[in-house]
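Below: target.cif (mmCIF, C-alpha atoms)
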```cif
data_target
#
loop_
_atom_site.group_PDB
_atom_site.id
_atom_site.type_symbol
_atom_site.label_atom_id
_atom_site.label_comp_id
_atom_site.auth_asym_id
_atom_site.auth_seq_id
_atom_site.Cartn_x
_atom_site.Cartn_y
_atom_site.Cartn_z
ATOM 1 C CA MET E 1 28.336 -10.807 5.552
ATOM 2 C CA GLY E 2 27.044 -11.227 2.025
ATOM 3 C CA VAL E 3 25.090 -8.492 0.362
ATOM 4 C CA GLU E 4 22.949 -9.193 -2.686
ATOM 5 C CA GLY E 5 22.354 -6.163 -4.867
ATOM 6 C CA ILE E 6 19.352 -5.750 -7.059
ATOM 7 C CA MET E 7 21.306 -7.546 -9.786
ATOM 8 C CA GLY E 8 22.778 -10.058 -7.323
ATOM 9 C CA GLU E 9 22.242 -13.779 -6.949
ATOM 10 C CA ARG E 10 19.332 -13.924 -4.504
ATOM 11 C CA CYS E 11 17.359 -11.083 -6.033
ATOM 12 C CA SER E 12 18.626 -11.168 -9.577
ATOM 13 C CA GLY E 13 16.783 -10.524 -12.797
ATOM 14 C CA GLY E 14 15.692 -7.669 -15.004
ATOM 15 C CA VAL E 15 12.988 -5.272 -13.913
ATOM 16 C CA TYR E 16 10.061 -5.327 -16.322
ATOM 17 C CA ARG E 17 6.519 -4.172 -16.608
ATOM 18 C CA TYR E 18 4.716 -6.654 -18.832
ATOM 19 C CA ARG E 19 1.882 -5.376 -20.973
ATOM 20 C CA ARG E 20 1.044 -6.949 -24.314
ATOM 21 C CA GLY E 21 4.463 -8.641 -24.218
ATOM 22 C CA LYS E 22 6.453 -5.398 -24.381
ATOM 23 C CA ARG E 23 9.186 -4.264 -22.097
ATOM 24 C CA ALA E 24 8.619 -0.935 -20.393
ATOM 25 C CA PRO E 25 11.138 1.759 -21.287
ATOM 26 C CA GLN E 26 13.722 2.449 -18.604
ATOM 27 C CA GLN E 27 13.181 5.731 -16.798
ATOM 28 C CA PRO E 28 15.912 7.907 -15.308
ATOM 29 C CA ASP E 29 16.265 7.040 -11.637
ATOM 30 C CA SER E 30 18.163 8.997 -8.976
ATOM 31 C CA LEU E 31 18.774 5.692 -7.171
ATOM 32 C CA ALA E 32 20.225 3.970 -10.241
ATOM 33 C CA SER E 33 23.831 4.568 -9.234
ATOM 34 C CA ILE E 34 23.151 3.020 -5.832
ATOM 35 C CA THR E 35 21.405 -0.077 -7.175
ATOM 36 C CA ARG E 36 24.427 -0.825 -9.347
ATOM 37 C CA GLU E 37 26.565 -1.043 -6.200
ATOM 38 C CA ARG E 38 26.521 -3.431 -3.299
ATOM 39 C CA ILE E 39 26.046 -1.792 0.084
ATOM 40 C CA PRO E 40 28.218 -3.550 2.677
ATOM 41 C CA TYR E 41 26.692 -4.603 5.987
ATOM 42 C CA TYR E 42 28.989 -2.292 7.933
ATOM 43 C CA GLU E 43 27.790 0.664 5.842
ATOM 44 C CA LEU E 44 24.175 -0.200 6.670
ATOM 45 C CA LEU E 45 25.060 -0.141 10.350
ATOM 46 C CA GLN E 46 26.873 3.155 9.919
ATOM 47 C CA ALA E 47 23.981 4.647 7.925
ATOM 48 C CA THR E 48 21.429 3.741 10.626
ATOM 49 C CA GLU E 49 23.695 4.505 13.608
ATOM 50 C CA ALA E 50 23.879 0.800 14.427
ATOM 51 C CA LEU E 51 20.099 0.414 14.048
ATOM 52 C CA SER E 52 19.590 2.827 16.914
ATOM 53 C CA GLU E 53 16.197 3.417 18.474
ATOM 54 C CA SER E 54 16.340 7.077 17.443
ATOM 55 C CA ASN E 55 16.538 5.981 13.794
ATOM 56 C CA GLN E 56 13.588 3.591 14.013
ATOM 57 C CA ILE E 57 10.676 4.885 11.932
ATOM 58 C CA GLY E 58 8.220 2.035 12.198
ATOM 59 C CA SER E 59 7.576 -1.641 12.765
ATOM 60 C CA GLY E 60 5.660 -4.394 11.056
ATOM 61 C CA SER E 61 4.646 -8.003 11.519
ATOM 62 C CA PHE E 62 8.123 -9.372 10.788
ATOM 63 C CA GLY E 63 10.534 -6.629 11.779
ATOM 64 C CA SER E 64 11.384 -2.953 12.108
ATOM 65 C CA PHE E 65 12.149 -0.054 9.767
ATOM 66 C CA TYR E 66 15.051 2.339 10.216
ATOM 67 C CA LYS E 67 15.982 5.550 8.486
ATOM 68 C CA GLY E 68 19.541 5.754 7.255
ATOM 69 C CA VAL E 69 21.803 8.058 5.288
ATOM 70 C CA LEU E 70 24.494 6.575 3.058
ATOM 71 C CA ARG E 71 27.932 8.146 2.677
ATOM 72 C CA SER E 72 26.712 9.563 -0.641
ATOM 73 C CA GLY E 73 24.069 11.517 1.290
ATOM 74 C CA THR E 74 21.175 9.434 -0.041
ATOM 75 C CA ALA E 75 18.412 8.756 2.488
ATOM 76 C CA ILE E 76 17.278 5.132 2.695
ATOM 77 C CA ALA E 77 14.846 2.997 4.674
ATOM 78 C CA VAL E 78 16.148 -0.317 6.003
ATOM 79 C CA LYS E 79 13.674 -3.077 6.810
ATOM 80 C CA VAL E 80 15.338 -5.449 9.289
ATOM 81 C CA PHE E 81 13.601 -8.790 9.773
ATOM 82 C CA ASN E 82 13.181 -10.303 13.232
ATOM 83 C CA LEU E 83 14.541 -13.782 12.570
ATOM 84 C CA GLN E 84 13.214 -15.039 15.904
ATOM 85 C CA LEU E 85 9.801 -15.112 14.260
ATOM 86 C CA ASP E 86 9.100 -18.345 12.399
ATOM 87 C CA ALA E 87 7.783 -16.723 9.229
ATOM 88 C CA ALA E 88 10.325 -13.886 9.018
ATOM 89 C CA SER E 89 12.792 -15.649 6.718
ATOM 90 C CA LYS E 90 10.006 -16.742 4.407
ATOM 91 C CA SER E 91 8.649 -13.183 4.367
ATOM 92 C CA PHE E 92 12.105 -11.866 3.432
ATOM 93 C CA ASP E 93 12.421 -14.384 0.586
ATOM 94 C CA THR E 94 8.916 -13.572 -0.673
ATOM 95 C CA GLU E 95 9.492 -9.825 -0.624
ATOM 96 C CA CYS E 96 12.795 -10.207 -2.474
ATOM 97 C CA GLU E 97 11.139 -12.428 -5.059
ATOM 98 C CA VAL E 98 8.369 -9.914 -5.640
ATOM 99 C CA LEU E 99 10.377 -6.683 -5.559
ATOM 100 C CA ARG E 100 13.108 -7.894 -7.927
ATOM 101 C CA SER E 101 10.683 -7.944 -10.871
ATOM 102 C CA LEU E 102 8.491 -4.907 -10.174
ATOM 103 C CA ARG E 103 8.949 -1.328 -11.312
ATOM 104 C CA HIS E 104 6.249 1.309 -11.025
ATOM 105 C CA ARG E 105 6.161 4.918 -9.837
ATOM 106 C CA ASN E 106 3.625 4.006 -7.143
ATOM 107 C CA LEU E 107 5.609 1.135 -5.625
ATOM 108 C CA VAL E 108 8.382 1.723 -3.090
ATOM 109 C CA LYS E 109 11.697 1.249 -4.886
ATOM 110 C CA PHE E 110 13.864 -1.677 -3.890
ATOM 111 C CA ILE E 111 17.573 -0.779 -3.729
ATOM 112 C CA THR E 112 19.305 -3.916 -2.458
ATOM 113 C CA SER E 113 19.209 -6.636 0.190
ATOM 114 C CA CYS E 114 21.562 -7.886 2.867
ATOM 115 C CA SER E 115 21.331 -11.495 4.007
ATOM 116 C CA ASN E 116 23.152 -14.204 5.917
ATOM 117 C CA LEU E 117 22.134 -16.744 8.559
ATOM 118 C CA ASP E 118 21.871 -14.130 11.322
ATOM 119 C CA PHE E 119 20.747 -10.988 9.524
ATOM 120 C CA LYS E 120 18.256 -10.214 6.770
ATOM 121 C CA ALA E 121 17.320 -6.733 5.615
ATOM 122 C CA LEU E 122 15.898 -4.896 2.634
ATOM 123 C CA VAL E 123 17.171 -1.469 1.621
ATOM 124 C CA LEU E 124 14.383 0.672 0.187
ATOM 125 C CA GLU E 125 13.767 4.198 -0.997
ATOM 126 C CA TYR E 126 13.029 6.493 1.958
ATOM 127 C CA MET E 127 9.581 8.091 2.055
ATOM 128 C CA PRO E 128 9.939 11.382 4.014
ATOM 129 C CA ASN E 129 6.227 12.003 4.606
ATOM 130 C CA GLY E 130 5.548 8.696 6.304
ATOM 131 C CA SER E 131 2.333 6.737 5.889
ATOM 132 C CA LEU E 132 -1.260 7.462 4.995
ATOM 133 C CA GLU E 133 -2.167 6.158 8.447
ATOM 134 C CA LYS E 134 -0.225 9.031 10.034
ATOM 135 C CA TYR E 135 -2.089 11.612 7.975
ATOM 136 C CA LEU E 136 -5.490 10.081 8.667
ATOM 137 C CA TYR E 137 -5.249 9.604 12.409
ATOM 138 C CA SER E 138 -2.824 12.197 13.732
ATOM 139 C CA HIS E 139 -4.318 15.504 14.841
ATOM 140 C CA ASN E 140 -1.252 17.314 13.491
ATOM 141 C CA TYR E 141 -2.027 16.555 9.847
ATOM 142 C CA PHE E 142 -4.887 17.151 7.452
ATOM 143 C CA LEU E 143 -5.601 16.018 3.907
ATOM 144 C CA ASP E 144 -8.124 17.830 1.728
ATOM 145 C CA ILE E 145 -10.392 16.119 -0.798
ATOM 146 C CA PHE E 146 -7.927 16.574 -3.666
ATOM 147 C CA GLN E 147 -5.028 15.082 -1.695
ATOM 148 C CA ARG E 148 -7.088 12.116 -0.510
ATOM 149 C CA LEU E 149 -8.366 11.365 -3.984
ATOM 150 C CA SER E 150 -4.893 11.738 -5.527
ATOM 151 C CA ILE E 151 -3.360 9.381 -2.955
ATOM 152 C CA MET E 152 -6.019 6.744 -3.549
ATOM 153 C CA ILE E 153 -5.648 7.044 -7.335
ATOM 154 C CA ASP E 154 -1.924 6.371 -6.858
ATOM 155 C CA VAL E 155 -2.722 3.239 -4.840
ATOM 156 C CA ALA E 156 -5.236 2.129 -7.482
ATOM 157 C CA CYS E 157 -2.594 2.610 -10.206
ATOM 158 C CA ALA E 158 -0.151 0.454 -8.228
ATOM 159 C CA LEU E 159 -2.747 -2.301 -7.921
ATOM 160 C CA GLU E 160 -3.691 -2.032 -11.595
ATOM 161 C CA TYR E 161 -0.032 -2.637 -12.434
ATOM 162 C CA LEU E 162 0.267 -5.564 -10.000
ATOM 163 C CA HIS E 163 -2.943 -7.218 -11.195
ATOM 164 C CA HIS E 164 -2.830 -6.467 -14.923
ATOM 165 C CA GLY E 165 0.641 -5.203 -15.868
ATOM 166 C CA CYS E 166 2.901 -8.078 -14.805
ATOM 167 C CA SER E 167 3.672 -11.376 -16.503
ATOM 168 C CA SER E 168 1.734 -13.088 -13.689
ATOM 169 C CA PRO E 169 -0.680 -11.158 -11.460
ATOM 170 C CA VAL E 170 0.767 -10.149 -8.096
ATOM 171 C CA ILE E 171 -1.567 -10.189 -5.096
ATOM 172 C CA HIS E 172 -0.424 -7.859 -2.317
ATOM 173 C CA CYS E 173 -2.571 -9.443 0.439
ATOM 174 C CA ASP E 174 -1.790 -6.774 3.065
ATOM 175 C CA LEU E 175 -3.357 -3.508 1.936
ATOM 176 C CA LYS E 176 -3.797 -1.005 4.756
ATOM 177 C CA PRO E 177 -3.014 2.700 5.357
ATOM 178 C CA SER E 178 0.281 1.943 7.122
ATOM 179 C CA ASN E 179 1.532 0.270 3.920
ATOM 180 C CA VAL E 180 0.776 3.343 1.795
ATOM 181 C CA LEU E 181 3.844 5.589 2.030
ATOM 182 C CA LEU E 182 4.166 9.204 0.871
ATOM 183 C CA ASP E 183 7.154 10.865 -0.752
ATOM 184 C CA GLU E 184 8.160 14.536 -0.555
ATOM 185 C CA ASP E 185 5.538 15.441 -3.175
ATOM 186 C CA MET E 186 2.778 13.461 -1.391
ATOM 187 C CA VAL E 187 2.784 10.848 -4.160
ATOM 188 C CA SER E 188 1.854 7.516 -2.623
ATOM 189 C CA HIS E 189 3.889 4.331 -2.919
ATOM 190 C CA LEU E 190 2.637 0.872 -1.970
ATOM 191 C CA SER E 191 4.991 -1.071 0.293
ATOM 192 C CA ASN E 192 5.392 -4.301 2.264
ATOM 193 C CA PHE E 193 5.095 -7.293 -0.051
ATOM 194 C CA GLY E 194 6.113 -9.808 2.610
ATOM 195 C CA ILE E 195 2.987 -11.956 2.346
ATOM 196 C CA SER E 196 2.105 -11.335 -1.284
ATOM 197 C CA ASN E 197 1.335 -14.192 -3.627
ATOM 198 C CA CYS E 198 3.348 -13.661 -6.818
ATOM 199 C CA MET E 199 2.245 -16.637 -8.818
ATOM 200 C CA VAL E 200 -1.462 -16.507 -8.017
ATOM 201 C CA LYS E 201 -1.435 -19.984 -6.514
ATOM 202 C CA MET E 202 -4.891 -20.551 -5.110
ATOM 203 C CA ARG E 203 -4.847 -21.416 -1.444
ATOM 204 C CA VAL E 204 -7.488 -21.763 1.275
ATOM 205 C CA ILE E 205 -7.454 -19.238 4.108
ATOM 206 C CA TYR E 206 -8.517 -20.377 7.562
ATOM 207 C CA ALA E 207 -9.399 -17.911 10.292
ATOM 208 C CA GLN E 208 -7.108 -18.101 13.301
ATOM 209 C CA LYS E 209 -9.886 -16.894 15.600
ATOM 210 C CA PRO E 210 -13.660 -17.410 15.348
ATOM 211 C CA SER E 211 -14.157 -13.628 15.432
ATOM 212 C CA GLN E 212 -12.110 -13.302 12.232
ATOM 213 C CA HIS E 213 -14.347 -15.669 10.277
ATOM 214 C CA TRP E 214 -16.650 -12.992 8.865
ATOM 215 C CA VAL E 215 -13.660 -10.941 7.670
ATOM 216 C CA ILE E 216 -12.268 -13.965 5.851
ATOM 217 C CA LEU E 217 -15.603 -14.659 4.165
ATOM 218 C CA CYS E 218 -15.978 -11.038 3.023
ATOM 219 C CA GLN E 219 -12.474 -10.609 1.641
ATOM 220 C CA TYR E 220 -11.813 -14.054 0.182
ATOM 221 C CA GLY E 221 -15.337 -15.246 -0.575
ATOM 222 C CA LEU E 222 -17.078 -18.431 0.481
ATOM 223 C CA ASP E 223 -14.503 -20.652 -1.236
ATOM 224 C CA GLY E 224 -11.631 -19.052 0.708
ATOM 225 C CA LEU E 225 -9.421 -18.706 -2.372
ATOM 226 C CA VAL E 226 -6.862 -15.955 -2.843
ATOM 227 C CA SER E 227 -7.193 -13.867 -6.006
ATOM 228 C CA THR E 228 -6.720 -10.288 -7.132
ATOM 229 C CA LYS E 229 -10.286 -9.705 -5.901
ATOM 230 C CA CYS E 230 -8.965 -9.944 -2.323
ATOM 231 C CA ASP E 231 -6.879 -6.816 -2.960
ATOM 232 C CA VAL E 232 -9.868 -5.118 -4.601
ATOM 233 C CA TYR E 233 -11.924 -5.703 -1.449
ATOM 234 C CA SER E 234 -9.136 -4.327 0.770
ATOM 235 C CA TYR E 235 -8.772 -1.323 -1.527
ATOM 236 C CA GLY E 236 -12.465 -0.560 -1.129
ATOM 237 C CA ILE E 237 -12.096 -0.629 2.641
ATOM 238 C CA ILE E 238 -9.075 1.721 2.556
ATOM 239 C CA LEU E 239 -10.985 4.068 0.241
ATOM 240 C CA LEU E 240 -13.857 4.205 2.745
ATOM 241 C CA GLU E 241 -11.391 4.660 5.600
ATOM 242 C CA THR E 242 -9.661 7.544 3.810
ATOM 243 C CA PHE E 243 -12.856 9.570 3.397
ATOM 244 C CA THR E 244 -14.564 8.680 6.697
ATOM 245 C CA ARG E 245 -11.453 8.651 8.926
ATOM 246 C CA ARG E 246 -12.884 5.628 10.698
ATOM 247 C CA ARG E 247 -10.911 2.433 11.265
ATOM 248 C CA PRO E 248 -12.607 -0.840 10.245
ATOM 249 C CA ASN E 249 -11.990 -2.301 13.704
ATOM 250 C CA GLU E 250 -13.888 0.521 15.450
ATOM 251 C CA PHE E 251 -17.216 -1.170 14.798
ATOM 252 C CA GLU E 252 -18.783 -3.807 17.028
ATOM 253 C CA GLY E 253 -21.379 -6.518 16.657
ATOM 254 C CA ASP E 254 -22.869 -7.020 13.218
ATOM 255 C CA LEU E 255 -22.083 -3.477 12.040
ATOM 256 C CA SER E 256 -19.022 -2.941 9.828
ATOM 257 C CA LEU E 257 -17.482 0.112 8.175
ATOM 258 C CA LYS E 258 -18.873 -1.057 4.852
ATOM 259 C CA GLN E 259 -22.409 -1.440 6.233
ATOM 260 C CA TRP E 260 -22.262 1.857 8.116
ATOM 261 C CA VAL E 261 -21.418 3.731 4.923
ATOM 262 C CA SER E 262 -23.862 1.830 2.703
ATOM 263 C CA TYR E 263 -26.754 2.600 5.068
ATOM 264 C CA SER E 264 -25.965 6.327 4.717
ATOM 265 C CA LEU E 265 -25.606 6.677 0.946
ATOM 266 C CA PRO E 266 -26.479 8.757 -0.881
ATOM 267 C CA GLU E 267 -28.781 10.993 1.172
ATOM 268 C CA ALA E 268 -26.876 10.960 4.479
ATOM 269 C CA VAL E 269 -23.291 10.987 3.215
ATOM 270 C CA MET E 270 -22.638 13.925 5.559
ATOM 271 C CA ASP E 271 -23.163 11.584 8.510
ATOM 272 C CA VAL E 272 -20.221 9.382 7.542
ATOM 273 C CA VAL E 273 -17.683 11.687 5.885
ATOM 274 C CA ASP E 274 -14.736 12.903 8.003
ATOM 275 C CA VAL E 275 -16.052 15.870 10.012
ATOM 276 C CA ASN E 276 -12.764 17.799 9.604
ATOM 277 C CA PHE E 277 -13.048 17.241 5.901
ATOM 278 C CA VAL E 278 -16.561 18.787 5.816
ATOM 279 C CA LYS E 279 -15.332 21.881 7.650
ATOM 280 C CA SER E 280 -12.764 22.521 4.914
ATOM 281 C CA MET E 281 -15.328 22.552 2.095
ATOM 282 C CA GLY E 282 -15.999 26.093 0.945
ATOM 283 C CA ASN E 283 -18.581 27.399 -1.503
ATOM 284 C CA ARG E 284 -18.323 24.153 -3.475
ATOM 285 C CA PHE E 285 -19.696 22.239 -0.496
ATOM 286 C CA GLN E 286 -22.567 20.375 -2.157
ATOM 287 C CA LYS E 287 -20.589 19.529 -5.299
ATOM 288 C CA GLU E 288 -17.721 18.135 -3.261
ATOM 289 C CA LEU E 289 -20.092 16.229 -0.986
ATOM 290 C CA ASP E 290 -21.788 14.656 -4.021
ATOM 291 C CA LEU E 291 -18.364 13.716 -5.372
ATOM 292 C CA VAL E 292 -17.444 12.051 -2.067
ATOM 293 C CA ALA E 293 -20.689 10.062 -2.265
ATOM 294 C CA SER E 294 -19.650 8.883 -5.755
ATOM 295 C CA ILE E 295 -16.191 7.911 -4.468
ATOM 296 C CA MET E 296 -17.783 5.903 -1.659
ATOM 297 C CA LYS E 297 -20.033 4.172 -4.187
ATOM 298 C CA VAL E 298 -16.894 3.039 -6.040
ATOM 299 C CA ALA E 299 -15.494 1.797 -2.714
ATOM 300 C CA LEU E 300 -18.653 -0.198 -1.980
ATOM 301 C CA ASP E 301 -18.539 -1.751 -5.458
ATOM 302 C CA CYS E 302 -15.021 -2.920 -4.640
ATOM 303 C CA CYS E 303 -16.365 -4.518 -1.445
ATOM 304 C CA ALA E 304 -19.104 -6.604 -3.047
ATOM 305 C CA GLU E 305 -19.724 -9.789 -1.073
ATOM 306 C CA SER E 306 -19.090 -11.984 -4.087
ATOM 307 C CA PRO E 307 -15.529 -11.663 -5.484
ATOM 308 C CA ALA E 308 -16.945 -11.992 -9.004
ATOM 309 C CA GLY E 309 -19.064 -8.888 -8.440
ATOM 310 C CA ARG E 310 -16.141 -6.643 -7.467
ATOM 311 C CA THR E 311 -14.877 -3.949 -9.806
ATOM 312 C CA ASN E 312 -11.449 -4.580 -11.368
ATOM 313 C CA MET E 313 -8.675 -2.082 -10.710
ATOM 314 C CA LYS E 314 -8.496 -0.872 -14.327
ATOM 315 C CA ASP E 315 -12.077 0.365 -14.049
ATOM 316 C CA VAL E 316 -11.453 1.815 -10.581
ATOM 317 C CA VAL E 317 -8.524 3.874 -11.904
ATOM 318 C CA GLY E 318 -10.643 5.171 -14.796
ATOM 319 C CA MET E 319 -13.585 6.156 -12.595
ATOM 320 C CA LEU E 320 -11.480 7.907 -9.952
ATOM 321 C CA GLN E 321 -9.439 9.786 -12.560
ATOM 322 C CA MET E 322 -12.691 11.086 -14.087
ATOM 323 C CA MET E 323 -13.785 12.247 -10.636
ATOM 324 C CA LYS E 324 -10.475 14.050 -10.181
ATOM 325 C CA ILE E 325 -11.087 15.882 -13.460
ATOM 326 C CA GLN E 326 -14.553 16.843 -12.218
ATOM 327 C CA LEU E 327 -13.074 18.101 -8.955
ATOM 328 C CA LEU E 328 -10.597 20.317 -10.787
ATOM 329 C CA ALA E 329 -13.459 21.758 -12.839
ATOM 330 C CA PHE E 330 -15.497 22.851 -9.787
#
```

Represent the structure of the file as structure tokens.
Amino acid sequence: MGVEGIMGERCSGGVYRYRRGKRAPQQPDSLASITRERIPYYELLQATEALSESNQIGSGSFGSFYKGVLRSGTAIAVKVFNLQLDAASKSFDTECEVLRSLRHRNLVKFITSCSNLDFKALVLEYMPNGSLEKYLYSHNYFLDIFQRLSIMIDVACALEYLHHGCSSPVIHCDLKPSNVLLDEDMVSHLSNFGISNCMVKMRVIYAQKPSQHWVILCQYGLDGLVSTKCDVYSYGIILLETFTRRRPNEFEGDLSLKQWVSYSLPEAVMDVVDVNFVKSMGNRFQKELDLVASIMKVALDCCAESPAGRTNMKDVVGMLQMMKIQLLAF
């Protein structure tokens, strides 16, 4: 079975960050020695114990994720595509195309790929702390205001790079807490580029179900065209979700997460912020609560109904970083 490395035929090409036409300096990388080598199919099977159920760490729209350990002792995550699904092969090709040319500290690192007619997989850097979704909705974990803000700044930095730091803007198209992964230092890394649009080709989105129509209109706008503003909208929703601990699909009828928060700002922010989060605030309670209200205002600006009215990710990064400085000064 053929294996294409990061410098191989299918996913070949240099890894650049484009800004003002300059190439980003190469940074030391603990995975560099691995990416220079091809990982044979049999070693992937050995590393994941033959893709055993006990090694499965997650699943997505087009396949499953497995933890593995190479003979060198390096932990990896292997994304195996379910080729019985019609769009799986296309998703694999898209993700390879995107990941081969991206390099940023807040994106999951691509190591290599393995592909033939019967098997397609991506080998990625392993994220030991799992996803943001796990930390938001499991009762066994808790994130304080500093951790939540730091994680969302990381995600904003990743999007700033995708939208403004590449030769052509990259649209992720699938932003959600389960695609925000956390390393051993709780630094977040954006993952899952299987349906991203690398070349910013405008295309019309049609709702598959009538009930999805309002979501399509909000995220993509009345013209239904994909742009970086779609990611900005999704980022705003994740930012609200992170500080309220409420899923967007929890709301019924005409009420949405965005509306629920906007009706409560700024006076009643306490009614919408995560209750566990409020309990952790000490003698800086009011200052931190006011800061959360400001963060939610940024989120709502990202979710403006008109795509043209949404904040760009460069400005979002700047505003949130200033708020982090304020938080440290409390």

Pull out every residue that the PyMOL selection byres ((chain E and resi 248) around 12) matches in the shown coordinates and put them as JSON, numbers by chain. {"E": [176, 177, 215, 234, 236, 237, 238, 239, 240, 241, 242, 244, 245, 246, 247, 249, 250, 251, 252, 255, 256, 257, 258, 259, 260, 261]}

For C-alpha atoms, I'd like the residues from the last selection saved as a PDB file, keeping the file's coordinate frame.
```pdb
ATOM      1  CA  LYS E 176      -3.797  -1.005   4.756  1.00  0.00           C
ATOM      2  CA  PRO E 177      -3.014   2.700   5.357  1.00  0.00           C
ATOM      3  CA  VAL E 215     -13.660 -10.941   7.670  1.00  0.00           C
ATOM      4  CA  SER E 234      -9.136  -4.327   0.770  1.00  0.00           C
ATOM      5  CA  GLY E 236     -12.465  -0.560  -1.129  1.00  0.00           C
ATOM      6  CA  ILE E 237     -12.096  -0.629   2.641  1.00  0.00           C
ATOM      7  CA  ILE E 238      -9.075   1.721   2.556  1.00  0.00           C
ATOM      8  CA  LEU E 239     -10.985   4.068   0.241  1.00  0.00           C
ATOM      9  CA  LEU E 240     -13.857   4.205   2.745  1.00  0.00           C
ATOM     10  CA  GLU E 241     -11.391   4.660   5.600  1.00  0.00           C
ATOM     11  CA  THR E 242      -9.661   7.544   3.810  1.00  0.00           C
ATOM     12  CA  THR E 244     -14.564   8.680   6.697  1.00  0.00           C
ATOM     13  CA  ARG E 245     -11.453   8.651   8.926  1.00  0.00           C
ATOM     14  CA  ARG E 246     -12.884   5.628  10.698  1.00  0.00           C
ATOM     15  CA  ARG E 247     -10.911   2.433  11.265  1.00  0.00           C
ATOM     16  CA  ASN E 249     -11.990  -2.301  13.704  1.00  0.00           C
ATOM     17  CA  GLU E 250     -13.888   0.521  15.450  1.00  0.00           C
ATOM     18  CA  PHE E 251     -17.216  -1.170  14.798  1.00  0.00           C
ATOM     19  CA  GLU E 252     -18.783  -3.807  17.028  1.00  0.00           C
ATOM     20  CA  LEU E 255     -22.083  -3.477  12.040  1.00  0.00           C
ATOM     21  CA  SER E 256     -19.022  -2.941   9.828  1.00  0.00           C
ATOM     22  CA  LEU E 257     -17.482   0.112   8.175  1.00  0.00           C
ATOM     23  CA  LYS E 258     -18.873  -1.057   4.852  1.00  0.00           C
ATOM     24  CA  GLN E 259     -22.409  -1.440   6.233  1.00  0.00           C
ATOM     25  CA  TRP E 260     -22.262   1.857   8.116  1.00  0.00           C
ATOM     26  CA  VAL E 261     -21.418   3.731   4.923  1.00  0.00           C
TER      27      VAL E 261
END
```

Would you list the residues near (-14.4, -6.7, -6.1), meaning any protein, DNA or RNA residue with an atom at most 8 Å from that point in file coordinates, counting all atoms listed in the file, as a PyMOL selection string? chain E and resi 229-230+232-233+301-312

Taking only C-alpha atoms into account, name the residue in E:Val187, E:Leu99, E:Ala156, E:Ala121 that is nearest to E:Lys314. E:Ala156

Kindly indicate which residue among E:Val98, E:Ala50, E:Ala299, E:Leu117 lies nearest to E:Asn82, using only C-alpha atoms for the distances. E:Leu117

List the residues selected by the PyMOL selection byres ((chain E and resi 158) around 9) in the file shown, writing them as a PDB file with C-alpha atoms, keeping the file's coordinate frame.
```pdb
ATOM      1  CA  HIS E 104       6.249   1.309 -11.025  1.00  0.00           C
ATOM      2  CA  ARG E 105       6.161   4.918  -9.837  1.00  0.00           C
ATOM      3  CA  ASN E 106       3.625   4.006  -7.143  1.00  0.00           C
ATOM      4  CA  LEU E 107       5.609   1.135  -5.625  1.00  0.00           C
ATOM      5  CA  ILE E 153      -5.648   7.044  -7.335  1.00  0.00           C
ATOM      6  CA  ASP E 154      -1.924   6.371  -6.858  1.00  0.00           C
ATOM      7  CA  VAL E 155      -2.722   3.239  -4.840  1.00  0.00           C
ATOM      8  CA  ALA E 156      -5.236   2.129  -7.482  1.00  0.00           C
ATOM      9  CA  CYS E 157      -2.594   2.610 -10.206  1.00  0.00           C
ATOM     10  CA  LEU E 159      -2.747  -2.301  -7.921  1.00  0.00           C
ATOM     11  CA  GLU E 160      -3.691  -2.032 -11.595  1.00  0.00           C
ATOM     12  CA  TYR E 161      -0.032  -2.637 -12.434  1.00  0.00           C
ATOM     13  CA  LEU E 162       0.267  -5.564 -10.000  1.00  0.00           C
ATOM     14  CA  HIS E 163      -2.943  -7.218 -11.195  1.00  0.00           C
ATOM     15  CA  HIS E 189       3.889   4.331  -2.919  1.00  0.00           C
ATOM     16  CA  LEU E 190       2.637   0.872  -1.970  1.00  0.00           C
TER      17      LEU E 190
END
```

Cut-off 12 Å: closest stretch 99-143 of chain E/stretch 84-87 of chain E atom pairs per residue, using only C-alpha atoms, as a tab-separated table:
```
residue	atom	partner	partner_atom	distance
E:Leu117	CA	E:Gln84	CA	11.7
E:Asp118	CA	E:Gln84	CA	9.8
E:Phe119	CA	E:Gln84	CA	10.7
E:Lys120	CA	E:Gln84	CA	11.5
```

Expanded to explicit residues, what is the PyMOL selection byres ((chain E and resi 323) around 12) for this file, as a ChimeraX atom specification? /E:145-146,149-150,152-153,287-288,290-296,298,316-322,324-330

Record the distance separating atom CA of E:Met186 and atom CA of E:Phe285, expressed in Å with one decimal.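 Interatomic distance, atom CA of E:Met186 to atom CA of E:Phe285: 24.1 Å.
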
Select, from E:Ser167, E:Ser280, E:Ser191, E:Thr94, the residue with the minimum atom-to-atom distance to E:Met127, counting only C-alpha atoms.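 That would be E:Ser191, the residue with the smallest distance to E:Met127.
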
Which distance in Å separates atom CA of E:Val272 and atom CA of E:Gly130, to one decimal? 25.8 Å

Residue nearest E:Cys166 among E:Leu181, E:Leu102, E:Cys114, E:Leu70 (counting only C-alpha atoms): E:Leu102

Quick one: distance from atom CA of E:Gly60 to atom CA of E:His164 in Å, one decimal?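 About the pair atom CA of E:Gly60 and atom CA of E:His164: they are 27.4 Å apart.
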
Which is closest to E:Gln46 among E:Arg71, E:Val278, E:Ser262, E:Ser64, if we use all atoms listed in the file?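 Result for the nearest residue to E:Gln46: E:Arg71.
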